[in-house]
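What follows is work25.pdb (PDB, C-alpha atoms).
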```pdb
ATOM      1  CA  MET A   1      29.239-144.310  15.217
ATOM      2  CA  ILE A   2      27.367-142.822  12.257
ATOM      3  CA  GLN A   3      24.256-140.754  12.941
ATOM      4  CA  THR A   4      21.624-140.131  10.264
ATOM      5  CA  ILE A   5      18.394-138.119  10.273
ATOM      6  CA  LEU A   6      15.593-139.651   8.197
ATOM      7  CA  LEU A   7      12.186-138.396   7.111
ATOM      8  CA  LYS A   8       9.952-140.660   9.197
ATOM      9  CA  LYS A   9       6.637-139.495   7.727
ATOM     10  CA  ARG A  10       5.290-136.682   5.585
ATOM     11  CA  PRO A  11       4.161-133.712   7.706
ATOM     12  CA  LYS A  12       0.533-132.673   7.740
ATOM     13  CA  GLY A  13       0.544-128.923   8.132
ATOM     14  CA  LYS A  14       3.354-127.627  10.282
ATOM     15  CA  PRO A  15       6.171-130.198  10.721
ATOM     16  CA  THR A  16       6.934-131.594  14.172
ATOM     17  CA  LEU A  17       9.848-133.490  15.665
ATOM     18  CA  SER A  18       7.848-136.713  15.275
ATOM     19  CA  ASP A  19       8.232-136.390  11.481
ATOM     20  CA  PHE A  20      11.973-137.111  11.852
ATOM     21  CA  GLU A  21      13.810-140.253  12.878
ATOM     22  CA  PHE A  22      17.368-140.694  14.148
ATOM     23  CA  LEU A  23      19.391-143.704  13.078
ATOM     24  CA  LYS A  24      22.651-144.718  14.762
ATOM     25  CA  GLU A  25      24.892-147.310  13.172
ATOM     26  CA  GLU A  26      28.209-148.864  14.059
ATOM     27  CA  LYS A  27      29.913-149.694  10.786
ATOM     28  CA  ASP A  28      33.187-149.211   8.968
ATOM     29  CA  LEU A  29      33.216-146.859   6.025
ATOM     30  CA  ASN A  30      35.830-148.143   3.587
ATOM     31  CA  ILE A  31      36.271-145.969   0.541
ATOM     32  CA  LYS A  32      36.993-147.301  -2.949
ATOM     33  CA  GLU A  33      38.983-145.769  -5.781
ATOM     34  CA  GLY A  34      37.490-142.394  -6.742
ATOM     35  CA  GLU A  35      35.685-141.961  -3.424
ATOM     36  CA  LEU A  36      36.221-139.812  -0.340
ATOM     37  CA  LEU A  37      35.037-139.991   3.259
ATOM     38  CA  LEU A  38      33.397-136.842   4.572
ATOM     39  CA  GLU A  39      32.758-135.633   8.113
ATOM     40  CA  THR A  40      29.923-133.117   8.351
ATOM     41  CA  THR A  41      30.929-129.751   9.821
ATOM     42  CA  TYR A  42      27.966-127.426   9.147
ATOM     43  CA  ILE A  43      24.393-128.128   7.989
ATOM     44  CA  SER A  44      22.114-125.596   6.301
ATOM     45  CA  VAL A  45      18.441-125.665   7.239
ATOM     46  CA  ASP A  46      16.149-123.769   4.876
ATOM     47  CA  PRO A  47      12.403-123.140   4.472
ATOM     48  CA  TYR A  48      12.296-124.772   1.015
ATOM     49  CA  LEU A  49      12.992-128.150   2.619
ATOM     50  CA  ARG A  50       9.371-128.134   3.807
ATOM     51  CA  GLY A  51       8.204-128.468   0.198
ATOM     52  CA  ARG A  52      10.384-131.513  -0.345
ATOM     53  CA  MET A  53       8.802-133.215   2.640
ATOM     54  CA  SER A  54       5.480-133.417   0.807
ATOM     55  CA  ASP A  55       4.897-135.545  -2.273
ATOM     56  CA  ALA A  56       3.446-132.715  -4.345
ATOM     57  CA  LYS A  57       4.983-132.052  -7.747
ATOM     58  CA  SER A  58       7.705-129.425  -7.540
ATOM     59  CA  TYR A  59      10.965-128.303  -9.152
ATOM     60  CA  VAL A  60      12.921-130.962  -7.245
ATOM     61  CA  PRO A  61      11.925-134.523  -6.324
ATOM     62  CA  PRO A  62      10.406-134.970  -2.850
ATOM     63  CA  PHE A  63      12.313-136.605  -0.035
ATOM     64  CA  GLU A  64      11.592-140.295   0.325
ATOM     65  CA  VAL A  65      10.062-141.519   3.560
ATOM     66  CA  GLY A  66      12.582-143.624   5.465
ATOM     67  CA  LYS A  67      15.541-142.055   3.628
ATOM     68  CA  PRO A  68      17.976-139.314   4.757
ATOM     69  CA  ILE A  69      17.091-135.665   4.335
ATOM     70  CA  THR A  70      19.562-133.674   2.253
ATOM     71  CA  SER A  71      20.556-130.012   2.237
ATOM     72  CA  GLY A  72      23.577-127.797   1.801
ATOM     73  CA  ILE A  73      26.485-129.019   3.914
ATOM     74  CA  VAL A  74      30.112-128.115   4.551
ATOM     75  CA  ALA A  75      32.214-131.185   5.316
ATOM     76  CA  LYS A  76      35.829-132.103   5.955
ATOM     77  CA  VAL A  77      37.595-134.713   3.851
ATOM     78  CA  ILE A  78      38.728-137.401   6.296
ATOM     79  CA  ALA A  79      40.130-139.798   3.702
ATOM     80  CA  SER A  80      40.398-139.667  -0.078
ATOM     81  CA  LYS A  81      41.047-141.919  -3.041
ATOM     82  CA  ASN A  82      39.883-139.183  -5.403
ATOM     83  CA  SER A  83      42.586-137.161  -7.152
ATOM     84  CA  LYS A  84      40.519-133.949  -6.979
ATOM     85  CA  PHE A  85      40.406-133.891  -3.189
ATOM     86  CA  LYS A  86      42.919-134.543  -0.433
ATOM     87  CA  GLU A  87      42.630-135.289   3.248
ATOM     88  CA  GLY A  88      42.017-132.086   5.196
ATOM     89  CA  ASP A  89      40.162-130.276   2.392
ATOM     90  CA  PHE A  90      36.794-128.699   3.150
ATOM     91  CA  VAL A  91      33.985-129.028   0.608
ATOM     92  CA  SER A  92      30.429-127.784   0.203
ATOM     93  CA  GLY A  93      27.518-129.340  -1.643
ATOM     94  CA  MET A  94      24.186-131.095  -1.277
ATOM     95  CA  MET A  95      24.672-134.017   1.103
ATOM     96  CA  ASP A  96      22.720-136.272   3.447
ATOM     97  CA  TRP A  97      22.022-135.346   7.040
ATOM     98  CA  LYS A  98      24.705-137.726   8.299
ATOM     99  CA  THR A  99      27.694-137.240  10.556
ATOM    100  CA  LEU A 100      29.869-139.323   8.185
ATOM    101  CA  GLN A 101      29.284-140.280   4.550
ATOM    102  CA  ILE A 102      31.033-141.513   1.424
ATOM    103  CA  SER A 103      30.986-139.451  -1.772
ATOM    104  CA  LYS A 104      32.327-139.786  -5.307
ATOM    105  CA  GLY A 105      33.032-136.059  -5.281
ATOM    106  CA  GLU A 106      30.313-135.175  -7.784
ATOM    107  CA  GLY A 107      28.772-131.744  -7.162
ATOM    108  CA  LEU A 108      31.262-130.886  -4.438
ATOM    109  CA  LEU A 109      33.107-127.577  -4.360
ATOM    110  CA  LYS A 110      36.328-126.965  -2.438
ATOM    111  CA  VAL A 111      36.009-124.058  -0.020
ATOM    112  CA  ASP A 112      38.768-121.979   1.536
ATOM    113  CA  LYS A 113      38.506-121.497   5.310
ATOM    114  CA  ASP A 114      41.163-118.788   5.083
ATOM    115  CA  LEU A 115      39.070-116.685   2.677
ATOM    116  CA  ALA A 116      35.911-116.728   4.812
ATOM    117  CA  PRO A 117      34.477-118.685   7.753
ATOM    118  CA  LEU A 118      33.310-122.124   6.624
ATOM    119  CA  SER A 119      29.691-121.403   7.534
ATOM    120  CA  ALA A 120      29.671-118.490   5.062
ATOM    121  CA  TYR A 121      29.747-120.998   2.207
ATOM    122  CA  LEU A 122      26.246-122.077   3.202
ATOM    123  CA  GLY A 123      25.087-118.490   3.395
ATOM    124  CA  ILE A 124      26.387-115.318   1.853
ATOM    125  CA  LEU A 125      28.988-117.154  -0.285
ATOM    126  CA  GLY A 126      26.659-120.062  -1.005
ATOM    127  CA  MET A 127      23.125-120.559  -2.297
ATOM    128  CA  THR A 128      21.833-117.777  -0.061
ATOM    129  CA  GLY A 129      24.042-115.155  -1.661
ATOM    130  CA  LEU A 130      23.536-116.544  -5.151
ATOM    131  CA  THR A 131      19.757-116.500  -4.712
ATOM    132  CA  ALA A 132      19.776-112.913  -3.501
ATOM    133  CA  TYR A 133      22.111-111.686  -6.247
ATOM    134  CA  CYS A 134      20.547-113.506  -9.179
ATOM    135  CA  GLY A 135      16.943-112.828  -8.220
ATOM    136  CA  LEU A 136      17.492-109.132  -7.675
ATOM    137  CA  THR A 137      19.733-108.452 -10.664
ATOM    138  CA  GLN A 138      18.173-110.748 -13.256
ATOM    139  CA  ILE A 139      14.458-110.296 -12.529
ATOM    140  CA  GLY A 140      14.542-107.021 -10.600
ATOM    141  CA  GLN A 141      16.741-105.242 -13.166
ATOM    142  CA  PRO A 142      17.468-102.527 -10.572
ATOM    143  CA  LYS A 143      18.169 -98.930 -11.507
ATOM    144  CA  ALA A 144      19.736 -96.407  -9.145
ATOM    145  CA  LYS A 145      17.267 -94.403  -7.004
ATOM    146  CA  GLU A 146      14.447 -96.927  -7.438
ATOM    147  CA  THR A 147      12.601 -98.238  -4.366
ATOM    148  CA  LEU A 148      13.113-101.853  -3.299
ATOM    149  CA  VAL A 149      10.950-103.583  -0.687
ATOM    150  CA  VAL A 150      12.085-106.888   0.811
ATOM    151  CA  SER A 151       9.863-109.188   2.882
ATOM    152  CA  GLY A 152      11.456-111.690   5.228
ATOM    153  CA  ALA A 153      14.181-109.061   5.246
ATOM    154  CA  ALA A 154      15.934-110.282   8.391
ATOM    155  CA  GLY A 155      16.276-113.793   6.998
ATOM    156  CA  ALA A 156      19.230-115.267   5.169
ATOM    157  CA  VAL A 157      18.294-114.209   1.633
ATOM    158  CA  GLY A 158      16.389-111.045   2.487
ATOM    159  CA  SER A 159      19.204-109.443   4.456
ATOM    160  CA  VAL A 160      21.592-109.934   1.528
ATOM    161  CA  VAL A 161      19.063-108.652  -1.037
ATOM    162  CA  GLY A 162      18.675-105.386   0.846
ATOM    163  CA  GLN A 163      22.416-104.846   1.115
ATOM    164  CA  ILE A 164      22.955-105.517  -2.581
ATOM    165  CA  GLY A 165      20.166-103.050  -3.259
ATOM    166  CA  LYS A 166      22.017-100.375  -1.300
ATOM    167  CA  ILE A 167      25.290-101.133  -3.117
ATOM    168  CA  LEU A 168      23.403-100.645  -6.411
ATOM    169  CA  GLY A 169      22.000 -97.288  -5.296
ATOM    170  CA  LEU A 170      18.433 -98.228  -4.367
ATOM    171  CA  TYR A 171      16.187 -96.927  -1.587
ATOM    172  CA  VAL A 172      15.550-100.060   0.485
ATOM    173  CA  VAL A 173      12.693-100.914   2.847
ATOM    174  CA  GLY A 174      12.635-104.180   4.791
ATOM    175  CA  ILE A 175       9.770-106.025   6.462
ATOM    176  CA  ALA A 176      10.459-108.235   9.507
ATOM    177  CA  GLY A 177       8.643-109.622  12.543
ATOM    178  CA  THR A 178      10.248-108.100  15.661
ATOM    179  CA  ASP A 179      11.526-104.704  16.786
ATOM    180  CA  GLU A 180      14.953-106.276  17.287
ATOM    181  CA  LYS A 181      15.053-107.429  13.661
ATOM    182  CA  VAL A 182      13.807-104.057  12.439
ATOM    183  CA  GLU A 183      16.611-102.352  14.346
ATOM    184  CA  MET A 184      19.130-104.822  12.901
ATOM    185  CA  LEU A 185      18.009-104.078   9.336
ATOM    186  CA  THR A 186      18.684-100.360   9.623
ATOM    187  CA  SER A 187      21.721-100.380  11.932
ATOM    188  CA  GLN A 188      23.621-103.461  10.761
ATOM    189  CA  PHE A 189      22.493-103.932   7.171
ATOM    190  CA  GLY A 190      21.964-100.323   6.130
ATOM    191  CA  PHE A 191      18.306-100.481   5.075
ATOM    192  CA  ASP A 192      16.734 -97.029   4.761
ATOM    193  CA  HIS A 193      13.578 -98.054   6.613
ATOM    194  CA  ALA A 194      12.085-101.175   8.176
ATOM    195  CA  ILE A 195       8.570-102.236   9.229
ATOM    196  CA  ASN A 196       7.511-104.669  11.972
ATOM    197  CA  TYR A 197       4.556-106.517  10.438
ATOM    198  CA  ASN A 198       3.496-107.924  13.806
ATOM    199  CA  THR A 199       2.897-104.485  15.317
ATOM    200  CA  THR A 200       1.621-102.791  12.148
ATOM    201  CA  LYS A 201      -2.170-102.726  11.891
ATOM    202  CA  ASP A 202      -2.365-101.386   8.334
ATOM    203  CA  MET A 203       0.501-102.684   6.192
ATOM    204  CA  GLY A 204      -0.722-100.864   3.089
ATOM    205  CA  THR A 205      -0.564 -97.486   4.815
ATOM    206  CA  ALA A 206       2.765 -98.315   6.438
ATOM    207  CA  LEU A 207       4.256 -99.149   3.039
ATOM    208  CA  LYS A 208       2.843 -95.983   1.502
ATOM    209  CA  THR A 209       4.512 -93.947   4.254
ATOM    210  CA  ALA A 210       7.811 -95.825   4.017
ATOM    211  CA  CYS A 211       7.864 -95.680   0.208
ATOM    212  CA  PRO A 212       6.744 -92.143  -0.738
ATOM    213  CA  LYS A 213       7.766 -92.705  -4.364
ATOM    214  CA  GLY A 214       5.972 -96.055  -4.602
ATOM    215  CA  ILE A 215       7.521 -99.501  -5.009
ATOM    216  CA  ASP A 216       9.568-100.374  -8.096
ATOM    217  CA  ILE A 217      10.939-103.765  -7.013
ATOM    218  CA  TYR A 218       9.516-106.226  -4.502
ATOM    219  CA  PHE A 219      11.589-109.211  -3.390
ATOM    220  CA  ASP A 220       9.040-111.599  -1.890
ATOM    221  CA  ASN A 221      10.119-114.255   0.597
ATOM    222  CA  VAL A 222       6.837-114.679   2.478
ATOM    223  CA  GLY A 223       3.687-114.422   0.347
ATOM    224  CA  GLY A 224       0.343-113.963   2.120
ATOM    225  CA  PRO A 225      -1.208-110.689   3.354
ATOM    226  CA  ILE A 226       2.102-108.809   3.446
ATOM    227  CA  SER A 227       2.586-109.364  -0.265
ATOM    228  CA  ASP A 228      -1.042-108.458  -0.937
ATOM    229  CA  ALA A 229      -0.419-105.071   0.708
ATOM    230  CA  VAL A 230       2.587-104.447  -1.525
ATOM    231  CA  LEU A 231       0.400-104.701  -4.635
ATOM    232  CA  PHE A 232      -1.514-101.545  -3.650
ATOM    233  CA  ASN A 233       1.722 -99.538  -3.700
ATOM    234  CA  ILE A 234       3.539-100.720  -6.832
ATOM    235  CA  ASN A 235       4.598 -98.325  -9.577
ATOM    236  CA  LYS A 236       4.192 -98.668 -13.301
ATOM    237  CA  TYR A 237       6.576-101.304 -14.658
ATOM    238  CA  ALA A 238       7.198-102.675 -11.164
ATOM    239  CA  ARG A 239       9.025-106.006 -10.917
ATOM    240  CA  MET A 240       7.977-108.524  -8.264
ATOM    241  CA  ILE A 241      10.480-111.288  -7.590
ATOM    242  CA  ILE A 242       8.884-114.368  -6.032
ATOM    243  CA  CYS A 243      11.580-116.226  -4.114
ATOM    244  CA  GLY A 244       9.549-117.908  -1.373
ATOM    245  CA  ALA A 245       6.252-118.059   0.485
ATOM    246  CA  ILE A 246       7.072-119.237   3.996
ATOM    247  CA  SER A 247       3.808-117.850   5.374
ATOM    248  CA  VAL A 248       1.797-120.478   3.484
ATOM    249  CA  TYR A 249       4.143-123.490   3.340
ATOM    250  CA  ASN A 250       2.376-125.269   6.186
ATOM    251  CA  ASN A 251      -1.195-124.513   5.089
ATOM    252  CA  THR A 252      -3.418-127.557   4.673
ATOM    253  CA  GLU A 253      -5.989-125.602   2.638
ATOM    254  CA  ILE A 254      -5.570-123.333  -0.368
ATOM    255  CA  PRO A 255      -4.936-119.847   1.073
ATOM    256  CA  LYS A 256      -7.291-117.015   0.218
ATOM    257  CA  SER A 257      -5.625-114.091  -1.490
ATOM    258  CA  ILE A 258      -6.557-111.108  -3.597
ATOM    259  CA  SER A 259      -6.403-111.412  -7.362
ATOM    260  CA  VAL A 260      -3.085-110.092  -8.656
ATOM    261  CA  GLN A 261      -4.089-109.733 -12.303
ATOM    262  CA  PRO A 262      -5.700-106.259 -12.091
ATOM    263  CA  PHE A 263      -2.602-104.853 -10.372
ATOM    264  CA  LEU A 264      -0.303-106.342 -12.985
ATOM    265  CA  VAL A 265      -2.388-105.104 -15.901
ATOM    266  CA  LYS A 266      -2.946-101.604 -14.505
ATOM    267  CA  ASN A 267       0.761-101.116 -13.805
ATOM    268  CA  SER A 268       2.240-103.124 -16.701
ATOM    269  CA  ALA A 269       4.025-104.947 -13.886
ATOM    270  CA  LEU A 270       6.014-108.170 -13.876
ATOM    271  CA  MET A 271       5.650-110.956 -11.304
ATOM    272  CA  GLN A 272       8.082-113.833 -11.738
ATOM    273  CA  GLY A 273       8.990-116.788  -9.592
ATOM    274  CA  PHE A 274      12.418-118.400  -9.798
ATOM    275  CA  ILE A 275      14.809-120.959  -8.410
ATOM    276  CA  VAL A 276      18.463-120.097  -8.213
ATOM    277  CA  SER A 277      19.574-122.813 -10.658
ATOM    278  CA  ASN A 278      17.738-120.919 -13.415
ATOM    279  CA  TYR A 279      20.671-118.536 -13.428
ATOM    280  CA  SER A 280      23.598-120.930 -13.071
ATOM    281  CA  GLU A 281      25.455-119.140 -15.874
ATOM    282  CA  LYS A 282      25.523-116.059 -13.632
ATOM    283  CA  PHE A 283      27.095-117.868 -10.658
ATOM    284  CA  PRO A 284      30.721-116.897 -11.482
ATOM    285  CA  GLU A 285      29.743-113.228 -11.788
ATOM    286  CA  ALA A 286      27.728-113.438  -8.583
ATOM    287  CA  MET A 287      30.503-115.117  -6.593
ATOM    288  CA  LYS A 288      33.066-112.612  -7.830
ATOM    289  CA  ASN A 289      30.929-109.639  -6.783
ATOM    290  CA  LEU A 290      29.758-111.153  -3.492
ATOM    291  CA  SER A 291      33.275-112.098  -2.377
ATOM    292  CA  THR A 292      34.620-108.674  -3.433
ATOM    293  CA  TRP A 293      31.884-106.796  -1.584
ATOM    294  CA  LEU A 294      32.403-108.984   1.473
ATOM    295  CA  ALA A 295      36.162-108.352   1.467
ATOM    296  CA  GLU A 296      35.561-104.614   1.045
ATOM    297  CA  GLY A 297      33.194-104.547   4.013
ATOM    298  CA  LYS A 298      30.201-103.588   1.878
ATOM    299  CA  LEU A 299      28.332-106.753   2.839
ATOM    300  CA  ASN A 300      27.583-107.902   6.357
ATOM    301  CA  TYR A 301      25.909-111.115   7.369
ATOM    302  CA  THR A 302      24.494-112.629  10.493
ATOM    303  CA  GLU A 303      23.945-116.247  11.416
ATOM    304  CA  THR A 304      21.900-118.148  13.929
ATOM    305  CA  VAL A 305      24.122-121.112  14.807
ATOM    306  CA  VAL A 306      22.637-124.108  16.610
ATOM    307  CA  ASN A 307      25.140-126.526  18.127
ATOM    308  CA  GLY A 308      24.748-130.292  17.838
ATOM    309  CA  PHE A 309      23.760-132.662  15.033
ATOM    310  CA  GLU A 310      20.868-133.916  17.169
ATOM    311  CA  ASN A 311      19.334-130.415  17.139
ATOM    312  CA  THR A 312      19.076-130.175  13.334
ATOM    313  CA  PRO A 313      15.312-130.941  13.124
ATOM    314  CA  GLN A 314      14.499-128.395  15.836
ATOM    315  CA  ALA A 315      16.599-125.759  14.074
ATOM    316  CA  PHE A 316      14.546-126.399  10.935
ATOM    317  CA  LEU A 317      11.268-126.085  12.864
ATOM    318  CA  ASP A 318      12.447-122.825  14.428
ATOM    319  CA  LEU A 319      12.525-121.223  10.972
ATOM    320  CA  PHE A 320       8.727-121.225  10.932
ATOM    321  CA  GLU A 321       8.649-119.434  14.286
ATOM    322  CA  GLY A 322      10.964-116.692  13.027
ATOM    323  CA  LYS A 323      13.616-117.600  15.595
ATOM    324  CA  ASN A 324      16.476-117.058  13.166
ATOM    325  CA  LYS A 325      18.297-113.847  12.419
ATOM    326  CA  GLY A 326      19.989-114.257   9.071
ATOM    327  CA  LYS A 327      21.079-117.721   8.049
ATOM    328  CA  MET A 328      20.089-120.690  10.229
ATOM    329  CA  ILE A 329      22.981-123.138  10.480
ATOM    330  CA  VAL A 330      23.731-126.207  12.582
ATOM    331  CA  LYS A 331      27.303-126.665  13.771
ATOM    332  CA  VAL A 332      27.925-130.389  14.100
TER     333      VAL A 332
END
```

Kindly return the structure encoded in the file as structure tokens.
Amino acid sequence: MIQTILLKKRPKGKPTLSDFEFLKEEKDLNIKEGELLLETTYISVDPYLRGRMSDAKSYVPPFEVGKPITSGIVAKVIASKNSKFKEGDFVSGMMDWKTLQISKGEGLLKVDKDLAPLSAYLGILGMTGLTAYCGLTQIGQPKAKETLVVSGAAGAVGSVVGQIGKILGLYVVGIAGTDEKVEMLTSQFGFDHAINYNTTKDMGTALKTACPKGIDIYFDNVGGPISDAVLFNINKYARMIICGAISVYNNTEIPKSISVQPFLVKNSALMQGFIVSNYSEKFPEAMKNLSTWLAEGKLNYTETVVNGFENTPQAFLDLFEGKNKGKMIVKV
């Protein structure tokens, strides 16, 4: 039995379970020369997938209605006629939301379950870690003793950004949505200070108090009013790294926001968006440092693991309710 999750229809506003369709098929999967049969082990669900569910122009093609959704996956090689992979290997890469699938091996990377837990290759040793490292180091250009603010700080990318900031000698402030997450940022991830945006009436004042020397680097995962408040506290030559905007992904109208241009001009500040593939030449450096820091105990990570292939769509929806701490992963 092969199970597949398809995009049934394009969401209008916030996605719902009715936007997904399950397909079950009884068929033999016979591999040809150069192919391998993969059994899905872990599935990554990420906010950016929402963008691919619409047909708006973006940096990657949209998902096709009636076709499988794809994301980062760790899978086990069940059978192989490809000389690069053998039965029993584990691989990571972009794959369909299927319990079993055939691949030619293109874009797949062998992962070592003895070096780190397999799920880590979808998180801190995968695109999550690479995104955090490359965004902060390449756009943020951090210097010791500067102040870094991270929104969505208890999420997969944000929690890694803050820890890298501490390793590089920065003063780090995180923004999250519950007292539990705020506590986690300071106790588990070593942030210097954290703010609960849901219980903070004046974010601008809260940031001014938390960042007495102003803000030099802002790693933005959320957009919206939180990011507007940051602008009032940036220093001269501040760098604002735009990684995501989860607060507005489900909007059906253009969101109202303050004009950023006066803040950028007045402070000679930089605001730059990015996708991780922009810095692919930095991936070896990033992986070397991330794996070293992880082995040395300088990096911690947390995961929200949902069990069951059938729960993948709900795990994705839960991202927009802030139900994840760290990386959201489905264990098949």

Evaluating the PyMOL selection byres ((chain A and resi 59) around 12) on the displayed file yields which residues, as a list of chain:residue names?
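Matching residues under the PyMOL selection byres ((chain A and resi 59) around 12) are A:Tyr48, A:Leu49, A:Gly51, A:Arg52, A:Asp55, A:Ala56, A:Lys57, A:Ser58, A:Val60, A:Pro61, A:Pro62, A:Gly273, A:Phe274, A:Ile275, A:Val276, A:Ser277, A:Asn278.
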
Decode the PyMOL selection byres ((chain A and resi 225) around 10) for the given file into explicit residues and return them as a list in words.
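Matching residues under the PyMOL selection byres ((chain A and resi 225) around 10) are Met203, Gly204, Val222, Gly223, Gly224, Ile226, Ser227, Asp228, Ala229, Val230, Ser247, Lys256, Ser257 and Ile258 of chain A.
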
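Among A:Met94, A:Ile175, A:Val157, A:Met53, the residue with the shortest atom-to-atom distance to Lys14 (chain A), counting all atoms listed in the file, is A:Met53.
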
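The nearest approach to Phe316 (chain A) among the residues A:Ile69, A:Cys243, A:Leu109, A:Val160, with only C-alpha atoms taken into account, belongs to A:Ile69.
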
Quick check on the file I pasted: which residues fall under the PyMOL selection byres ((chain A and resi 237-242) around 9)? Write them as a list in words.
Gly135, Leu136, Ile139, Gly140, Gln141, Ile215, Asp216, Ile217, Tyr218, Phe219, Asp220, Asn221, Val222, Gly223, Ile234, Asn235, Lys236, Cys243, Gly244, Ala245, Leu264, Asn267, Ser268, Ala269, Leu270, Met271, Gln272, Gly273 and Phe274 of chain A

Mind giving me the straight-line distance from CA of Ser119 (chain A) to CA of Tyr42 (chain A) in Å, one decimal?
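These atoms are spaced 6.5 Å apart.
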